[in-house]
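As stored in upload37.cif (mmCIF, N, CA and C atoms and all ligand atoms):
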data_upload
loop_
_atom_site.label_atom_id
_atom_site.label_comp_id
_atom_site.auth_asym_id
_atom_site.auth_seq_id
_atom_site.Cartn_x
_atom_site.Cartn_y
_atom_site.Cartn_z
N MET W 76 59.72 42.18 2.07
CA MET W 76 60.76 43.11 2.44
C MET W 76 60.52 43.69 3.82
N THR W 77 59.24 43.81 4.21
CA THR W 77 58.96 44.39 5.53
C THR W 77 59.49 43.50 6.65
N GLY W 78 59.73 42.22 6.38
CA GLY W 78 60.30 41.32 7.38
C GLY W 78 61.73 41.71 7.74
N PHE W 79 62.33 42.56 6.95
CA PHE W 79 63.71 42.99 7.22
C PHE W 79 63.75 44.28 8.03
N LEU W 80 62.58 44.72 8.48
CA LEU W 80 62.51 45.93 9.30
C LEU W 80 62.08 45.56 10.71
N GLU W 81 62.46 46.38 11.66
CA GLU W 81 62.05 46.17 13.05
C GLU W 81 61.90 47.52 13.74
N ARG W 82 61.26 47.48 14.89
CA ARG W 82 61.08 48.71 15.68
C ARG W 82 62.24 48.84 16.65
N GLU W 83 62.80 50.05 16.72
CA GLU W 83 63.85 50.33 17.69
C GLU W 83 63.55 51.70 18.28
N HIS W 84 63.28 51.75 19.55
CA HIS W 84 62.90 53.01 20.23
C HIS W 84 61.75 53.69 19.50
N GLY W 85 60.81 52.91 19.02
CA GLY W 85 59.63 53.45 18.35
C GLY W 85 59.84 53.78 16.88
N ASN W 86 61.09 53.67 16.41
CA ASN W 86 61.37 53.97 15.00
C ASN W 86 61.52 52.68 14.19
N LEU W 87 61.11 52.73 12.94
CA LEU W 87 61.29 51.60 12.04
C LEU W 87 62.74 51.63 11.52
N VAL W 88 63.47 50.55 11.72
CA VAL W 88 64.87 50.49 11.27
C VAL W 88 65.11 49.16 10.55
N GLY W 89 66.18 49.10 9.77
CA GLY W 89 66.56 47.86 9.10
C GLY W 89 67.16 46.90 10.11
N ARG W 90 66.82 45.61 9.97
CA ARG W 90 67.39 44.60 10.87
C ARG W 90 68.87 44.41 10.56
N ASP W 91 69.58 43.87 11.53
CA ASP W 91 70.99 43.53 11.32
C ASP W 91 71.04 42.35 10.34
N PRO W 92 71.62 42.54 9.14
CA PRO W 92 71.62 41.46 8.14
C PRO W 92 72.35 40.21 8.62
N ARG W 93 73.22 40.37 9.60
CA ARG W 93 73.97 39.21 10.10
C ARG W 93 73.07 38.27 10.89
N GLU W 94 71.89 38.74 11.22
CA GLU W 94 70.97 37.91 12.01
C GLU W 94 69.80 37.39 11.19
N ILE W 95 69.82 37.65 9.90
CA ILE W 95 68.75 37.17 9.01
C ILE W 95 69.09 35.75 8.56
N THR W 96 68.10 34.87 8.61
CA THR W 96 68.36 33.45 8.32
C THR W 96 68.31 33.16 6.81
N THR W 97 68.85 32.02 6.45
CA THR W 97 68.83 31.57 5.05
C THR W 97 67.40 31.55 4.52
N GLY W 98 66.49 31.01 5.30
CA GLY W 98 65.09 30.93 4.88
C GLY W 98 64.50 32.30 4.61
N GLU W 99 64.85 33.25 5.47
CA GLU W 99 64.34 34.61 5.27
C GLU W 99 64.91 35.23 3.99
N TRP W 100 66.21 34.99 3.74
CA TRP W 100 66.80 35.50 2.50
C TRP W 100 66.09 34.89 1.28
N LEU W 101 65.89 33.58 1.35
CA LEU W 101 65.26 32.88 0.23
C LEU W 101 63.83 33.38 -0.02
N ALA W 102 63.14 33.69 1.05
CA ALA W 102 61.75 34.15 0.92
C ALA W 102 61.66 35.59 0.41
N SER W 103 62.78 36.28 0.42
CA SER W 103 62.76 37.69 -0.01
C SER W 103 62.81 37.78 -1.54
N ASP W 104 62.56 38.97 -2.04
CA ASP W 104 62.68 39.17 -3.48
C ASP W 104 64.00 39.86 -3.83
N LEU W 105 64.96 39.85 -2.90
CA LEU W 105 66.26 40.47 -3.16
C LEU W 105 67.08 39.61 -4.12
N PRO W 106 67.94 40.21 -4.95
CA PRO W 106 68.72 39.43 -5.90
C PRO W 106 69.83 38.60 -5.24
N LEU W 107 70.17 38.86 -3.99
CA LEU W 107 71.22 38.15 -3.24
C LEU W 107 72.58 38.24 -3.92
N ASP W 108 72.86 39.36 -4.55
CA ASP W 108 74.17 39.59 -5.17
C ASP W 108 75.18 39.99 -4.11
N VAL W 109 76.43 39.67 -4.34
CA VAL W 109 77.51 40.11 -3.46
C VAL W 109 78.64 40.70 -4.32
N GLY W 110 79.56 41.36 -3.68
CA GLY W 110 80.77 41.85 -4.34
C GLY W 110 80.50 42.73 -5.55
N LEU W 111 81.20 42.43 -6.64
CA LEU W 111 81.14 43.27 -7.84
C LEU W 111 79.73 43.33 -8.43
N ARG W 112 79.00 42.23 -8.34
CA ARG W 112 77.62 42.23 -8.88
C ARG W 112 76.74 43.18 -8.09
N ALA W 113 76.93 43.19 -6.77
CA ALA W 113 76.14 44.09 -5.93
C ALA W 113 76.52 45.55 -6.20
N ILE W 114 77.80 45.79 -6.41
CA ILE W 114 78.25 47.15 -6.72
C ILE W 114 77.66 47.62 -8.05
N ARG W 115 77.74 46.76 -9.02
CA ARG W 115 77.18 47.10 -10.34
C ARG W 115 75.67 47.39 -10.22
N ALA W 116 74.97 46.56 -9.46
CA ALA W 116 73.53 46.77 -9.28
C ALA W 116 73.27 48.11 -8.60
N LYS W 117 74.09 48.45 -7.62
CA LYS W 117 73.91 49.73 -6.93
C LYS W 117 74.16 50.89 -7.90
N CYS W 118 75.18 50.78 -8.73
CA CYS W 118 75.48 51.85 -9.69
C CYS W 118 74.36 52.00 -10.71
N LEU W 119 73.80 50.88 -11.15
CA LEU W 119 72.67 50.95 -12.09
C LEU W 119 71.47 51.61 -11.42
N ASP W 120 71.30 51.33 -10.14
CA ASP W 120 70.21 51.95 -9.38
C ASP W 120 70.46 53.45 -9.25
N CYS W 121 71.69 53.81 -8.98
CA CYS W 121 72.04 55.22 -8.76
C CYS W 121 71.98 56.03 -10.06
N ALA W 122 72.58 55.49 -11.11
CA ALA W 122 72.68 56.24 -12.36
C ALA W 122 71.51 55.98 -13.31
N VAL W 123 70.66 55.04 -12.96
CA VAL W 123 69.44 54.68 -13.69
C VAL W 123 69.69 53.83 -14.93
N THR W 124 70.67 54.18 -15.79
CA THR W 124 70.91 53.35 -16.98
C THR W 124 72.39 52.95 -17.04
N ALA W 125 72.67 51.84 -17.72
CA ALA W 125 74.05 51.37 -17.88
C ALA W 125 74.87 52.43 -18.62
N ARG W 126 74.27 53.09 -19.55
CA ARG W 126 74.95 54.11 -20.34
C ARG W 126 75.41 55.28 -19.45
N ALA W 127 74.69 55.53 -18.36
CA ALA W 127 75.03 56.64 -17.47
C ALA W 127 76.04 56.23 -16.39
N VAL W 128 76.21 54.93 -16.17
CA VAL W 128 77.16 54.49 -15.14
C VAL W 128 78.60 54.75 -15.60
N ARG W 129 78.92 54.40 -16.81
CA ARG W 129 80.30 54.50 -17.31
C ARG W 129 80.87 55.91 -17.15
N PRO W 130 80.17 56.98 -17.55
CA PRO W 130 80.76 58.32 -17.42
C PRO W 130 80.51 58.99 -16.06
N CYS W 131 80.11 58.23 -15.05
CA CYS W 131 79.84 58.82 -13.73
C CYS W 131 81.02 59.71 -13.31
N VAL W 132 80.72 60.91 -12.89
CA VAL W 132 81.78 61.88 -12.54
C VAL W 132 82.08 61.92 -11.04
N LEU W 133 81.35 61.15 -10.25
CA LEU W 133 81.55 61.20 -8.80
C LEU W 133 82.73 60.30 -8.40
N THR W 134 83.93 60.75 -8.75
CA THR W 134 85.13 59.93 -8.56
C THR W 134 85.47 59.71 -7.08
N THR W 135 84.85 60.46 -6.19
CA THR W 135 85.09 60.25 -4.75
C THR W 135 84.17 59.17 -4.18
N CYS W 136 83.23 58.69 -4.95
CA CYS W 136 82.35 57.62 -4.48
C CYS W 136 83.20 56.35 -4.31
N PRO W 137 83.09 55.67 -3.18
CA PRO W 137 83.91 54.47 -2.97
C PRO W 137 83.65 53.37 -3.98
N LEU W 138 82.50 53.43 -4.65
CA LEU W 138 82.18 52.39 -5.64
C LEU W 138 82.71 52.73 -7.03
N TRP W 139 83.15 53.95 -7.22
CA TRP W 139 83.50 54.44 -8.55
C TRP W 139 84.46 53.53 -9.33
N PRO W 140 85.56 53.07 -8.72
CA PRO W 140 86.49 52.23 -9.50
C PRO W 140 85.88 50.92 -9.96
N LEU W 141 84.86 50.46 -9.26
CA LEU W 141 84.30 49.13 -9.53
C LEU W 141 82.93 49.20 -10.19
N ARG W 142 82.54 50.39 -10.62
CA ARG W 142 81.16 50.60 -11.09
C ARG W 142 80.82 49.84 -12.36
N MET W 143 81.83 49.38 -13.11
CA MET W 143 81.54 48.62 -14.32
C MET W 143 81.31 47.13 -14.01
N GLY W 144 81.46 46.78 -12.73
CA GLY W 144 81.21 45.39 -12.32
C GLY W 144 82.42 44.49 -12.53
N THR W 145 83.58 45.10 -12.76
CA THR W 145 84.82 44.33 -12.90
C THR W 145 85.93 45.08 -12.16
N LYS W 146 86.99 44.34 -11.84
CA LYS W 146 88.15 45.01 -11.23
C LYS W 146 88.99 45.59 -12.37
N PRO W 147 89.25 46.92 -12.33
CA PRO W 147 90.04 47.52 -13.41
C PRO W 147 91.47 47.01 -13.42
N LYS W 148 92.07 47.05 -14.62
CA LYS W 148 93.46 46.64 -14.76
C LYS W 148 94.34 47.42 -13.78
N GLY W 149 95.22 46.74 -13.12
CA GLY W 149 96.17 47.41 -12.22
C GLY W 149 95.60 47.77 -10.85
N PHE W 150 94.31 47.59 -10.65
CA PHE W 150 93.66 47.99 -9.39
C PHE W 150 94.17 47.15 -8.22
N ARG W 151 94.16 45.84 -8.41
CA ARG W 151 94.59 44.94 -7.33
C ARG W 151 96.06 45.21 -6.97
N GLU W 152 96.90 45.37 -8.01
CA GLU W 152 98.32 45.62 -7.79
C GLU W 152 98.54 46.94 -7.06
N ALA W 153 97.80 47.98 -7.47
CA ALA W 153 97.92 49.29 -6.82
C ALA W 153 97.52 49.19 -5.35
N ARG W 154 96.46 48.45 -5.07
CA ARG W 154 96.04 48.27 -3.66
C ARG W 154 97.11 47.55 -2.87
N ALA W 155 97.68 46.50 -3.44
CA ALA W 155 98.71 45.73 -2.74
C ALA W 155 99.92 46.62 -2.45
N GLN W 156 100.30 47.44 -3.44
CA GLN W 156 101.46 48.31 -3.24
C GLN W 156 101.16 49.36 -2.19
N ARG W 157 99.96 49.92 -2.21
CA ARG W 157 99.60 50.94 -1.22
C ARG W 157 99.56 50.33 0.19
N ASP W 158 98.96 49.14 0.32
CA ASP W 158 98.91 48.47 1.63
C ASP W 158 100.32 48.18 2.14
N ALA W 159 101.20 47.72 1.24
CA ALA W 159 102.58 47.41 1.65
C ALA W 159 103.29 48.68 2.09
N ALA W 160 103.07 49.79 1.36
CA ALA W 160 103.71 51.06 1.73
C ALA W 160 103.22 51.53 3.09
N ARG W 161 101.92 51.35 3.35
CA ARG W 161 101.36 51.76 4.65
C ARG W 161 101.96 50.93 5.78
N GLU W 162 102.16 49.66 5.53
CA GLU W 162 102.73 48.80 6.57
C GLU W 162 104.16 49.18 6.89
N ARG W 163 104.87 49.71 5.88
CA ARG W 163 106.27 50.12 6.10
C ARG W 163 106.37 51.45 6.84
N GLN W 164 105.29 52.25 6.82
CA GLN W 164 105.30 53.57 7.48
C GLN W 164 105.41 53.38 8.98
N PRO W 165 106.33 54.13 9.62
CA PRO W 165 106.36 54.06 11.08
C PRO W 165 105.08 54.68 11.65
N GLN W 166 104.48 54.01 12.61
CA GLN W 166 103.24 54.48 13.21
C GLN W 166 103.54 55.37 14.41
N PRO W 167 102.79 56.46 14.59
CA PRO W 167 102.93 57.25 15.81
C PRO W 167 102.52 56.39 17.01
N PRO W 168 103.11 56.65 18.20
CA PRO W 168 102.87 55.77 19.37
C PRO W 168 101.40 55.54 19.68
N HIS W 169 100.54 56.57 19.58
CA HIS W 169 99.14 56.35 19.94
C HIS W 169 98.45 55.36 19.00
N LEU W 170 98.87 55.34 17.73
CA LEU W 170 98.28 54.37 16.79
C LEU W 170 98.84 52.98 17.02
N ARG W 171 100.12 52.91 17.39
CA ARG W 171 100.73 51.60 17.67
C ARG W 171 99.99 50.91 18.80
N LYS W 172 99.66 51.70 19.84
CA LYS W 172 98.93 51.15 21.00
C LYS W 172 97.57 50.62 20.56
N ALA W 173 96.85 51.45 19.78
CA ALA W 173 95.51 51.05 19.33
C ALA W 173 95.59 49.80 18.47
N GLN W 174 96.59 49.75 17.59
CA GLN W 174 96.75 48.60 16.70
C GLN W 174 97.06 47.34 17.51
N ALA W 175 97.92 47.47 18.52
CA ALA W 175 98.25 46.32 19.36
C ALA W 175 97.00 45.81 20.06
N GLY W 176 96.13 46.71 20.50
CA GLY W 176 94.88 46.32 21.14
C GLY W 176 93.98 45.56 20.19
N GLN W 177 93.93 46.03 18.92
CA GLN W 177 93.10 45.36 17.91
C GLN W 177 93.62 43.96 17.64
N GLU W 178 94.96 43.83 17.56
CA GLU W 178 95.53 42.52 17.30
C GLU W 178 95.20 41.55 18.42
N LYS W 179 95.23 42.05 19.68
CA LYS W 179 94.88 41.18 20.81
C LYS W 179 93.43 40.71 20.67
N GLU W 180 92.53 41.65 20.28
CA GLU W 180 91.12 41.28 20.13
C GLU W 180 90.92 40.22 19.06
N THR W 181 91.68 40.35 17.95
CA THR W 181 91.50 39.38 16.86
C THR W 181 92.15 38.04 17.19
N ASP W 182 93.06 38.03 18.16
CA ASP W 182 93.70 36.77 18.56
C ASP W 182 92.72 35.84 19.27
N ARG W 183 91.65 36.42 19.82
CA ARG W 183 90.70 35.61 20.61
C ARG W 183 89.99 34.61 19.78
S1 LIG W 201 80.07 55.21 -8.70
FE1 LIG W 201 78.80 55.97 -7.01
S2 LIG W 201 77.89 57.86 -7.79
FE2 LIG W 201 78.66 56.71 -9.56
S3 LIG W 201 76.95 55.48 -10.27
FE3 LIG W 201 78.08 54.22 -8.82
S4 LIG W 201 77.06 54.56 -6.85
FE4 LIG W 201 76.43 56.20 -8.23
#

Conversion result in structure tokens:
Amino acid sequence: MTGFLEREHGNLVGRDPREITTGEWLASDLPLDVGLRAIRAKCLDCAVTARAVRPCVLTTCPLWPLRMGTKPKGFREARAQRDAARERQPQPPHLRKAQAGQEKETDR
């Protein structure tokens, strides 16, 4: 695990995971989970037991809806509807400019 740390201005910091190689990941003892499995693992780490994850009261935690390791019924549809509603909202001019700049960057 110490191979994932580096010195930055004299301080020990985590390396950029985007620069870690396949071999380094394989040599680690990390579970290499992604998505819902990684969220579930984090919740088990946070709440300590599976029994304590389900009644978690921290509803403002970004992981809360997905803490059981599955997408809840209606979640995907609610997200799609919210995203569509946001796209229909007229943007104030300063945000329109920023958004246009982002689109240009992603066009590259
Ligand atoms: S939802 Fe957030 S606060 Fe609750 S167990 Fe998961 S990580 Fe912890």

Note to self: Let me see if you get this right: every residue at most 7 Å from ligand LIG 201 (chain W), counting all atoms listed in the file, written as an MDAnalysis selection string.
What the structure shows: chainID W and resid 114 117:123 127:129 131:142

Check: Got a sec to tell me which of chain W DSSP assigns to strand (DSSP E or B), as a ChimeraX atom specification?
Finding: /W:80-83,86-89

Write out as JSON lines the residues of region 131-154 of chain W that have any atom within 7 Å of an atom of region 92-113 of chain W, one row each with the nearest atom pair and its distance in Å to one decimal, counting all atoms listed in the file, sorted by chain and then rising number.
{"residue": "W:Leu141", "atom": "C", "partner": "W:Leu111", "partner_atom": "CA", "distance": 6.6}
{"residue": "W:Met143", "atom": "C", "partner": "W:Leu111", "partner_atom": "C", "distance": 6.9}
{"residue": "W:Gly144", "atom": "CA", "partner": "W:Leu111", "partner_atom": "C", "distance": 4.6}
{"residue": "W:Thr145", "atom": "N", "partner": "W:Leu111", "partner_atom": "CA", "distance": 5.8}

Emit as JSON the padded axis-aligned box for all listed atoms of region 98-115 of chain W, 4 Å per side, with centre and edge lengths in Å to one decimal.
{"center_x": 71.4, "center_y": 39.3, "center_z": -2.4, "size_x": 27.5, "size_y": 24.7, "size_z": 23.8}
